[in-house]
$ cat target_1.csv   # CSV, C-alpha atoms
chain,number,residue,atom,x,y,z
A,1,MET,CA,6.2,-46.2,-54.1
A,2,GLN,CA,9.0,-43.9,-55.3
A,3,GLN,CA,6.8,-42.4,-58.0
A,4,ALA,CA,4.0,-41.7,-55.4
A,5,LEU,CA,6.5,-40.0,-53.2
A,6,ALA,CA,8.0,-38.0,-56.0
A,7,ASN,CA,4.6,-36.7,-57.0
A,8,ASP,CA,4.6,-34.7,-53.7
A,9,TRP,CA,7.6,-32.7,-54.9
A,10,GLU,CA,8.2,-30.3,-57.8
A,11,GLN,CA,10.9,-27.9,-59.0
A,12,ARG,CA,10.0,-24.3,-57.9
A,13,LYS,CA,11.7,-21.0,-58.6
A,14,LEU,CA,12.8,-19.3,-55.4
A,15,GLY,CA,11.2,-16.2,-56.8
A,16,GLU,CA,7.9,-17.9,-56.6
A,17,LEU,CA,8.5,-18.8,-53.0
A,18,TYR,CA,10.1,-15.6,-51.6
A,19,LYS,CA,10.2,-11.9,-52.3
A,20,PRO,CA,12.7,-9.3,-51.0
A,21,VAL,CA,11.2,-6.9,-48.5
A,22,TYR,CA,12.5,-3.6,-47.3
A,23,GLU,CA,10.4,-2.9,-44.3
A,24,LYS,CA,12.3,-0.4,-42.2
A,25,ASN,CA,12.0,-0.2,-38.4
A,26,ASP,CA,9.7,2.7,-37.4
A,27,LEU,CA,11.1,2.4,-33.9
A,28,SER,CA,8.4,-0.1,-33.0
A,29,PHE,CA,11.3,-2.4,-32.3
A,30,GLU,CA,14.0,-1.4,-29.7
A,31,THR,CA,17.4,-2.9,-29.1
A,32,ASP,CA,16.0,-5.9,-27.3
A,33,LYS,CA,14.5,-7.1,-30.6
A,34,ILE,CA,17.8,-6.9,-32.6
A,35,ILE,CA,18.3,-10.4,-34.1
A,36,SER,CA,21.6,-12.1,-34.5
A,37,VAL,CA,21.1,-13.8,-37.9
A,38,ALA,CA,24.0,-16.2,-37.5
A,39,ALA,CA,22.7,-17.5,-34.2
A,40,MET,CA,19.0,-16.8,-34.8
A,41,ARG,CA,18.5,-15.3,-31.4
A,42,PHE,CA,17.7,-11.9,-30.0
A,43,ASN,CA,20.8,-10.1,-29.0
A,44,PRO,CA,20.0,-7.9,-26.0
A,45,GLU,CA,23.7,-7.0,-25.6
A,46,ALA,CA,23.7,-5.2,-28.9
A,47,VAL,CA,24.9,-1.6,-28.5
A,48,VAL,CA,23.4,1.3,-30.5
A,49,SER,CA,24.7,4.7,-29.7
A,50,ASP,CA,21.8,6.6,-31.2
A,51,ARG,CA,18.2,5.3,-31.0
A,52,GLU,CA,17.4,7.0,-34.3
A,53,TYR,CA,19.9,4.7,-35.9
A,54,LEU,CA,17.5,1.8,-35.3
A,55,ARG,CA,15.4,3.3,-38.2
A,56,THR,CA,18.1,1.9,-40.6
A,57,TYR,CA,17.4,-1.7,-39.4
A,58,ASN,CA,15.3,-4.0,-41.5
A,59,VAL,CA,12.3,-5.7,-40.0
A,60,MET,CA,12.5,-9.5,-40.0
A,61,ARG,CA,9.2,-11.2,-39.2
A,62,VAL,CA,8.6,-14.9,-38.4
A,63,GLY,CA,9.0,-17.0,-41.5
A,64,ASP,CA,11.3,-14.4,-43.2
A,65,ILE,CA,14.8,-15.6,-44.2
A,66,ALA,CA,18.1,-13.7,-44.4
A,67,PHE,CA,21.4,-14.7,-46.0
A,68,GLU,CA,24.5,-15.1,-43.7
A,69,GLY,CA,27.5,-15.0,-46.0
A,70,HIS,CA,30.3,-16.4,-43.9
A,71,SER,CA,31.9,-19.5,-45.3
A,72,ASN,CA,33.0,-22.5,-43.3
A,73,LYS,CA,33.5,-26.3,-43.7
A,74,GLU,CA,29.7,-26.9,-43.3
A,75,PHE,CA,28.5,-24.0,-45.6
A,76,SER,CA,30.8,-23.4,-48.5
A,77,HIS,CA,28.9,-20.4,-49.9
A,78,GLY,CA,27.2,-19.1,-46.9
A,79,ARG,CA,23.6,-20.0,-45.8
A,80,PHE,CA,20.1,-18.8,-45.3
A,81,VAL,CA,18.6,-18.7,-41.9
A,82,GLU,CA,14.8,-18.6,-41.2
A,83,ASN,CA,13.3,-16.5,-38.4
A,84,VAL,CA,11.6,-18.9,-36.0
A,85,ILE,CA,12.0,-16.8,-32.8
A,86,GLY,CA,9.7,-13.8,-33.3
A,87,ASP,CA,9.4,-10.5,-35.1
A,88,GLY,CA,12.5,-8.4,-34.8
A,89,ILE,CA,15.0,-6.3,-36.6
A,90,VAL,CA,18.3,-7.0,-38.4
A,91,SER,CA,21.2,-4.8,-39.6
A,92,HIS,CA,20.6,-3.1,-43.0
A,93,ILE,CA,23.4,-5.2,-44.5
A,94,PHE,CA,21.0,-8.1,-44.6
A,95,ILE,CA,18.4,-8.5,-47.4
A,96,VAL,CA,15.2,-10.0,-45.9
A,97,PHE,CA,13.1,-12.3,-48.0
A,98,ARG,CA,9.5,-13.0,-47.1
A,99,PRO,CA,7.4,-16.1,-48.2
A,100,ASN,CA,5.1,-15.6,-51.2
A,101,THR,CA,3.1,-18.7,-50.6
A,102,SER,CA,1.6,-20.8,-47.8
A,103,TYR,CA,4.5,-22.7,-46.1
A,104,ASP,CA,5.4,-24.8,-43.1
A,105,LEU,CA,7.7,-22.8,-40.7
A,106,TRP,CA,9.6,-25.8,-39.4
A,107,TYR,CA,10.1,-27.5,-42.7
A,108,TRP,CA,11.7,-24.3,-44.2
A,109,LYS,CA,13.8,-23.8,-41.1
A,110,TYR,CA,15.8,-26.8,-42.1
A,111,ALA,CA,15.3,-26.8,-45.9
A,112,ILE,CA,16.5,-23.3,-46.5
A,113,ASN,CA,19.5,-23.9,-44.3
A,114,ASN,CA,20.5,-27.3,-45.8
A,115,GLU,CA,23.8,-27.2,-47.7
A,116,ARG,CA,22.9,-30.2,-49.9
A,117,LEU,CA,19.7,-28.7,-51.0
A,118,MET,CA,20.8,-25.1,-51.4
A,119,ARG,CA,24.5,-25.4,-52.5
A,120,SER,CA,23.9,-25.3,-56.3
A,121,ALA,CA,21.6,-22.3,-56.1
A,122,LEU,CA,24.1,-20.5,-53.8
A,123,VAL,CA,27.1,-21.3,-56.0
A,124,ARG,CA,25.3,-19.6,-58.9
A,125,SER,CA,23.9,-16.6,-57.0
A,126,THR,CA,26.8,-15.5,-54.7
A,127,LYS,CA,30.0,-13.7,-55.2
A,128,ALA,CA,33.1,-14.4,-53.2
A,129,SER,CA,34.6,-11.6,-51.1
A,130,THR,CA,37.0,-11.5,-48.2
A,131,MET,CA,36.1,-14.3,-45.7
A,132,MET,CA,32.5,-14.5,-47.0
A,133,HIS,CA,30.1,-14.5,-49.9
A,134,ASP,CA,27.8,-11.8,-51.1
A,135,LEU,CA,24.3,-12.7,-52.3
A,136,VAL,CA,23.0,-11.5,-55.7
A,137,ALA,CA,19.3,-11.3,-54.9
A,138,ASN,CA,18.0,-11.4,-58.5
A,139,ASP,CA,20.2,-14.4,-59.3
A,140,PHE,CA,19.0,-16.2,-56.2
A,141,LEU,CA,15.4,-15.6,-57.0
A,142,SER,CA,15.9,-17.1,-60.5
A,143,GLU,CA,17.2,-20.4,-59.1
A,144,SER,CA,15.0,-23.5,-58.6
A,145,ILE,CA,14.9,-26.1,-55.9
A,146,PRO,CA,12.8,-29.2,-55.3
A,147,VAL,CA,9.8,-28.3,-53.0
A,148,PRO,CA,7.3,-30.7,-51.4
A,149,SER,CA,3.6,-30.0,-51.4
A,150,LEU,CA,2.3,-28.1,-48.4
A,151,SER,CA,0.8,-31.2,-46.8
A,152,GLU,CA,4.2,-32.9,-47.2
A,153,GLN,CA,5.9,-29.9,-45.7
A,154,HIS,CA,3.6,-30.1,-42.7
A,155,LYS,CA,4.5,-33.8,-42.1
A,156,ILE,CA,8.3,-33.2,-42.4
A,157,GLY,CA,8.0,-30.0,-40.4
A,158,ALA,CA,6.1,-31.7,-37.6
A,159,LEU,CA,8.8,-34.4,-37.4
A,160,PHE,CA,11.6,-31.8,-37.2
A,161,ALA,CA,9.8,-29.9,-34.5
A,162,ARG,CA,9.6,-33.2,-32.5
A,163,LEU,CA,13.3,-33.7,-33.0
A,164,ASP,CA,14.1,-30.2,-31.9
A,165,SER,CA,12.1,-30.8,-28.7
A,166,LEU,CA,13.9,-34.0,-28.1
A,167,ILE,CA,17.3,-32.4,-28.5
A,168,THR,CA,16.3,-29.7,-26.1
A,169,LEU,CA,15.2,-32.4,-23.6
A,170,HIS,CA,18.6,-34.1,-24.0
A,171,GLN,CA,20.3,-30.8,-23.2
A,172,ARG,CA,18.3,-30.5,-20.0
A,173,GLU,CA,18.4,-34.0,-18.7
A,174,ASP,CA,21.4,-36.0,-17.5
A,175,LEU,CA,21.2,-38.7,-20.2
A,176,PRO,CA,23.9,-41.2,-21.1
A,177,PRO,CA,26.1,-39.6,-23.8
A,178,ARG,CA,25.5,-42.6,-26.1
A,179,CYS,CA,21.8,-41.9,-26.1
A,180,ALA,CA,22.3,-38.2,-27.0
A,181,LEU,CA,24.8,-39.1,-29.7
A,182,ALA,CA,22.4,-41.6,-31.2
A,183,THR,CA,19.7,-39.0,-31.4
A,184,ILE,CA,21.9,-36.3,-33.0
A,185,LEU,CA,23.2,-38.8,-35.6
A,186,SER,CA,19.6,-39.8,-36.3
A,187,VAL,CA,18.6,-36.1,-36.7
A,188,LYS,CA,21.3,-35.6,-39.3
A,189,ASN,CA,20.4,-38.8,-41.1
A,190,ALA,CA,16.7,-37.7,-41.1
A,191,THR,CA,17.6,-34.4,-42.8
A,192,ILE,CA,19.7,-36.1,-45.5
A,193,ILE,CA,17.1,-38.8,-46.2
A,194,THR,CA,14.2,-36.2,-46.4
A,195,LEU,CA,15.9,-33.6,-48.5
A,196,GLU,CA,18.1,-35.7,-50.8
A,197,ARG,CA,16.1,-38.9,-51.4
A,198,TRP,CA,12.6,-37.2,-51.1
A,199,ILE,CA,11.4,-39.8,-48.7
A,200,SER,CA,8.2,-38.9,-46.8
A,201,PRO,CA,8.4,-39.0,-43.0
A,202,TRP,CA,6.5,-41.5,-41.1
A,203,SER,CA,3.1,-40.0,-41.0
A,204,SER,CA,2.0,-41.0,-37.5
A,205,LEU,CA,5.1,-39.5,-35.9
A,206,GLU,CA,4.9,-42.1,-33.2
A,207,ALA,CA,8.3,-43.8,-33.2
A,208,PRO,CA,8.8,-47.5,-32.5
A,209,THR,CA,10.3,-48.5,-29.2
A,210,SER,CA,12.6,-51.1,-30.6
A,211,PRO,CA,14.5,-51.6,-33.9
A,212,ASN,CA,13.0,-55.1,-34.0
A,213,SER,CA,9.7,-53.5,-34.9
A,214,TYR,CA,11.0,-52.2,-38.2
A,215,PRO,CA,9.1,-53.5,-41.2
A,216,LYS,CA,11.0,-55.4,-43.9
A,217,SER,CA,10.1,-53.0,-46.7
A,218,ALA,CA,13.1,-50.8,-47.6
A,219,ALA,CA,10.9,-47.8,-48.3
A,220,ALA,CA,9.0,-48.2,-45.0
A,221,ARG,CA,12.3,-48.6,-43.2
A,222,SER,CA,13.5,-45.3,-44.7
A,223,ARG,CA,10.4,-43.5,-43.5
A,224,LEU,CA,10.7,-45.1,-40.0
A,225,SER,CA,14.3,-44.2,-39.7
A,226,LEU,CA,13.2,-40.5,-39.7
A,227,ALA,CA,10.9,-41.1,-36.8
A,228,PHE,CA,13.2,-43.5,-35.0
A,229,ALA,CA,15.2,-40.5,-33.7
A,230,VAL,CA,12.3,-39.6,-31.6
A,231,ALA,CA,12.7,-42.9,-29.8
A,232,ALA,CA,16.5,-42.9,-29.6
A,233,ARG,CA,16.6,-42.5,-25.9
A,234,HIS,CA,14.4,-45.5,-25.4
A,235,THR,CA,16.6,-47.8,-27.5
A,236,CYS,CA,20.0,-46.9,-26.1

$ encode --input "target_1.csv" --output "structure tokens"
Amino acid sequence: MQQALANDWEQRKLGELYKPVYEKNDLSFETDKIISVAAMRFNPEAVVSDREYLRTYNVMRVGDIAFEGHSNKEFSHGRFVENVIGDGIVSHIFIVFRPNTSYDLWYWKYAINNERLMRSALVRSTKASTMMHDLVANDFLSESIPVPSLSEQHKIGALFARLDSLITLHQREDLPPRCALATILSVKNATIITLERWISPWSSLEAPTSPNSYPKSAAARSRLSLAFAVAARHTC
């Protein structure tokens, strides 16, 4: 079972997966399309004194990634953030990288932002400065990380998209705190299991309604634990 799962993954150089792009804004994008990389949201409050200055901004399209270099307890050497909100523009201080190959948007949203997966590559491809880290693009592109096959990316990405939807639902509904907490913990556990142990997600994405329905196989339980977050509100 472990060998079969491992065959869906391989070490890939980041330079095979991404390329730096320097697409400048030709004023097709106005201030309402300025993206806050740290929050990955459009920032309509951004103030630009001269419209022509928007030409200095780099275009960041859906699926592109940019490096946010501020360090904190969660991200010791900064982090990459993927654009999942729509085409927009970012400050010229950000280098934008664009996918070179077919990819799953939702898988890479989490993978490229995962400290456990990316830390070693970032340790070797960043330089410390005051309160943040600067990325050395060529060093970053020469690093390698484990990458699943495209079909495996789609499975994992579909699961993460479901989890995102569930979290949004919890934020909108008046659910017991214990249910929301169980879901959030399950989401974190799912990320760790998927990216560190290379366990495929449960392919059907239909979560069990009771923990008693878990199979006895350890590998199957690991896969089901990913999907179980989807049903967390039903098992609280």

$ closest_residue --input "target_1.csv" --among "A:Ser151, A:Gly157, A:Asp26, A:Gly15" --to "Gly88 (chain A)" --atoms "all atoms listed in the file"
A:Asp26

$ closest_atom_pairs --input "target_1.csv" --of "region 58-82 of chain A" --to "region 131-146 of chain A" --cutoff "10 Å" --atoms "all atoms listed in the file" --output "JSON lines"
{"residue": "A:Phe67", "atom": "CA", "partner": "A:Leu135", "partner_atom": "CA", "distance": 7.2}
{"residue": "A:Glu68", "atom": "CA", "partner": "A:His133", "partner_atom": "CA", "distance": 8.4}
{"residue": "A:Gly69", "atom": "CA", "partner": "A:His133", "partner_atom": "CA", "distance": 4.7}
{"residue": "A:His70", "atom": "CA", "partner": "A:Met132", "partner_atom": "CA", "distance": 4.2}
{"residue": "A:Ser71", "atom": "CA", "partner": "A:Met132", "partner_atom": "CA", "distance": 5.3}
{"residue": "A:Asn72", "atom": "CA", "partner": "A:Met132", "partner_atom": "CA", "distance": 8.8}
{"residue": "A:Ser76", "atom": "CA", "partner": "A:His133", "partner_atom": "CA", "distance": 9.0}
{"residue": "A:His77", "atom": "CA", "partner": "A:His133", "partner_atom": "CA", "distance": 6.0}
{"residue": "A:Gly78", "atom": "CA", "partner": "A:His133", "partner_atom": "CA", "distance": 6.2}
{"residue": "A:Arg79", "atom": "CA", "partner": "A:His133", "partner_atom": "CA", "distance": 9.5}

$ atom_distance --input "target_1.csv" --atom1 "CA of Asp50 (chain A)" --atom2 "CA of Ala66 (chain A)"
24.5 Å

$ residues_near_point --input "target_1.csv" --point "(20.8, -8.7, -24.9)" --cutoff "9 Å" --atoms "all atoms listed in the file" --output "PyMOL selection string"
chain A and resi 31-34+42-47

$ write_last_selection --input "target_1.csv" --atoms "C-alpha atoms" --output "PDB file, in the coordinates of the input"
ATOM      1  CA  THR A  31      17.400  -2.900 -29.100  1.00  0.00           C
ATOM      2  CA  ASP A  32      16.000  -5.900 -27.300  1.00  0.00           C
ATOM      3  CA  LYS A  33      14.500  -7.100 -30.600  1.00  0.00           C
ATOM      4  CA  ILE A  34      17.800  -6.900 -32.600  1.00  0.00           C
ATOM      5  CA  PHE A  42      17.700 -11.900 -30.000  1.00  0.00           C
ATOM      6  CA  ASN A  43      20.800 -10.100 -29.000  1.00  0.00           C
ATOM      7  CA  PRO A  44      20.000  -7.900 -26.000  1.00  0.00           C
ATOM      8  CA  GLU A  45      23.700  -7.000 -25.600  1.00  0.00           C
ATOM      9  CA  ALA A  46      23.700  -5.200 -28.900  1.00  0.00           C
ATOM     10  CA  VAL A  47      24.900  -1.600 -28.500  1.00  0.00           C
TER      11      VAL A  47
END

$ closest_residue --input "target_1.csv" --among "A:Lys127, A:Arg12, A:Lys109, A:Arg98" --to "Met40 (chain A)" --atoms "all atoms listed in the file"
A:Lys109

$ closest_residue --input "target_1.csv" --among "A:Glu30, A:Glu152, A:Glu74, A:Glu82" --to "Arg51 (chain A)" --atoms "only C-alpha atoms"
A:Glu30

$ residues_around --input "target_1.csv" --residues "region 153-156 of chain A" --least-positions-apart "3" --cutoff "6 Å" --atoms "all atoms listed in the file" --output "PyMOL selection string"
chain A and resi 104+107+148+150+159+201

$ write_last_selection --input "target_1.csv" --atoms "C-alpha atoms" --output "compact mmCIF listing (two decimals), keeping the file's coordinate frame"
# COMPACT_ATOMS: atom_id res chain seq x y z
CA ASP A 104 5.40 -24.80 -43.10
CA TYR A 107 10.10 -27.50 -42.70
CA PRO A 148 7.30 -30.70 -51.40
CA LEU A 150 2.30 -28.10 -48.40
CA LEU A 159 8.80 -34.40 -37.40
CA PRO A 201 8.40 -39.00 -43.00

$ residues_around --input "target_1.csv" --residues "Asn113 (chain A)" --least-positions-apart "2" --cutoff "9 Å" --atoms "only C-alpha atoms" --output "list in words"
Arg79, Phe80, Val81, Glu82, Trp108, Lys109, Tyr110, Ala111, Glu115, Leu117 and Met118 of chain A

$ atom_distance --input "target_1.csv" --atom1 "CA of Ile85 (chain A)" --atom2 "CA of Thr130 (chain A)"
29.8 Å

$ residues_around --input "target_1.csv" --residues "Val84 (chain A)" --least-positions-apart "3" --cutoff "9 Å" --atoms "only C-alpha atoms" --output "compact mmCIF listing (two decimals) with C-alpha atoms, keeping the file's coordinate frame"
# COMPACT_ATOMS: atom_id res chain seq x y z
CA MET A 40 19.00 -16.80 -34.80
CA ARG A 61 9.20 -11.20 -39.20
CA VAL A 62 8.60 -14.90 -38.40
CA GLY A 63 9.00 -17.00 -41.50
CA ASP A 64 11.30 -14.40 -43.20
CA ASP A 87 9.40 -10.50 -35.10
CA LEU A 105 7.70 -22.80 -40.70
CA TRP A 106 9.60 -25.80 -39.40
CA LYS A 109 13.80 -23.80 -41.10

$ residues_around --input "target_1.csv" --residues "Tyr53 (chain A)" --least-positions-apart "4" --cutoff "12 Å" --atoms "all atoms listed in the file" --output "count of residues only"
14

$ atom_distance --input "target_1.csv" --atom1 "CA of Asn100 (chain A)" --atom2 "CA of Val59 (chain A)"
16.6 Å

$ closest_residue --input "target_1.csv" --among "A:Val147, A:Ile93, A:Met60, A:Leu163" --to "Glu23 (chain A)" --atoms "only C-alpha atoms"
A:Met60
